[in-house]
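First up is the structure itself, then whatever we jot down about it.
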Amino acid sequence: MGTMPRPARYAALTLLAALALTGCSSSAPPPAAVSESPSASPSSPAQVCTSLVSYWAKETLMGTKWSGLDWEQKGLSNDQYAIHEDAVAAGRAEERTAGRDKALELIDRFVAQRCTEQDGATGSSENWRPPT
């Protein structure tokens, strides 16, 4: 394969730098919590699903800058995206009757239940691989 030509290498490095800087934006997803214990086991698929889907569903409900990304850009599997869409619909209905705070709480509960029921909802993602 060989080395990339200089302009392609420069473009790739520029893109990586831009992506890194974009990650510093206040509306970007929050960084994952870091465990103090080196022996802590990784999060379960259901916990990862809940964190990811809940975050994006709430961003969509609030209409933030990044909420318009597609499911792949958000890092969701097909099944997780289905949960996302159902959670957003339920959140919007709750927001109309009980307000935004209650809608955001509902999204957390709804997503946690569905992600747990579907053990992380990763089965339909062709790119997902189990942790090693």
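Chain labels follow the order of the structure tokens: the first chain is A, the next B, and so on; residue numbering restarts at 1 in every chain, and ligands are counted from 1 in their shown order.
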
Find the residues near Ala112 of chain A: any atom within 12 Å, counting only C-alpha atoms, skip ones fewer than 4 places away on the same chain, and give them as a list in words.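 In the requested format, the answer is Pro45, Ala46, Gln47, Val48, Cys49, Thr50, Ser51, Leu52, Val53, Ser54, Tyr55, Ala57, Gln80, Ile83, His84, Ala87, Glu105, Leu106, Ile107, Asp108, Thr116, Glu117, Gln118, Asp119, Gly120 and Ala121 of chain A.
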
Compare A:Glu59, A:Leu104, A:Ala89, A:Glu95 by their minimum atom-to-atom distance to Lys74 of chain A, counting only C-alpha atoms, and give me the closest one. A:Glu59

Between atom CA of Arg100 of chain A and atom CA of Leu69 of chain A, what is the distance, to one decimal in Å? 21.5 Å

Quote the spacing between atom CA of Glu85 of chain A and atom CA of Ala98 of chain A in Å to one decimal place.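 Distance between the two atoms: 19.6 Å.
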
Alpha helix (DSSP H) per DSSP on the backbone: members of segment 40-112 of chain A, as a PyMOL selection string: chain A and resi 45-62+78-98+100-112

Atomic separation - atom CA of Ala93 of chain A relative to atom CA of Gly68 of chain A, Å: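 Straight-line distance from atom CA of Gly68 of chain A to atom CA of Ala93 of chain A works out to 19.7 Å.
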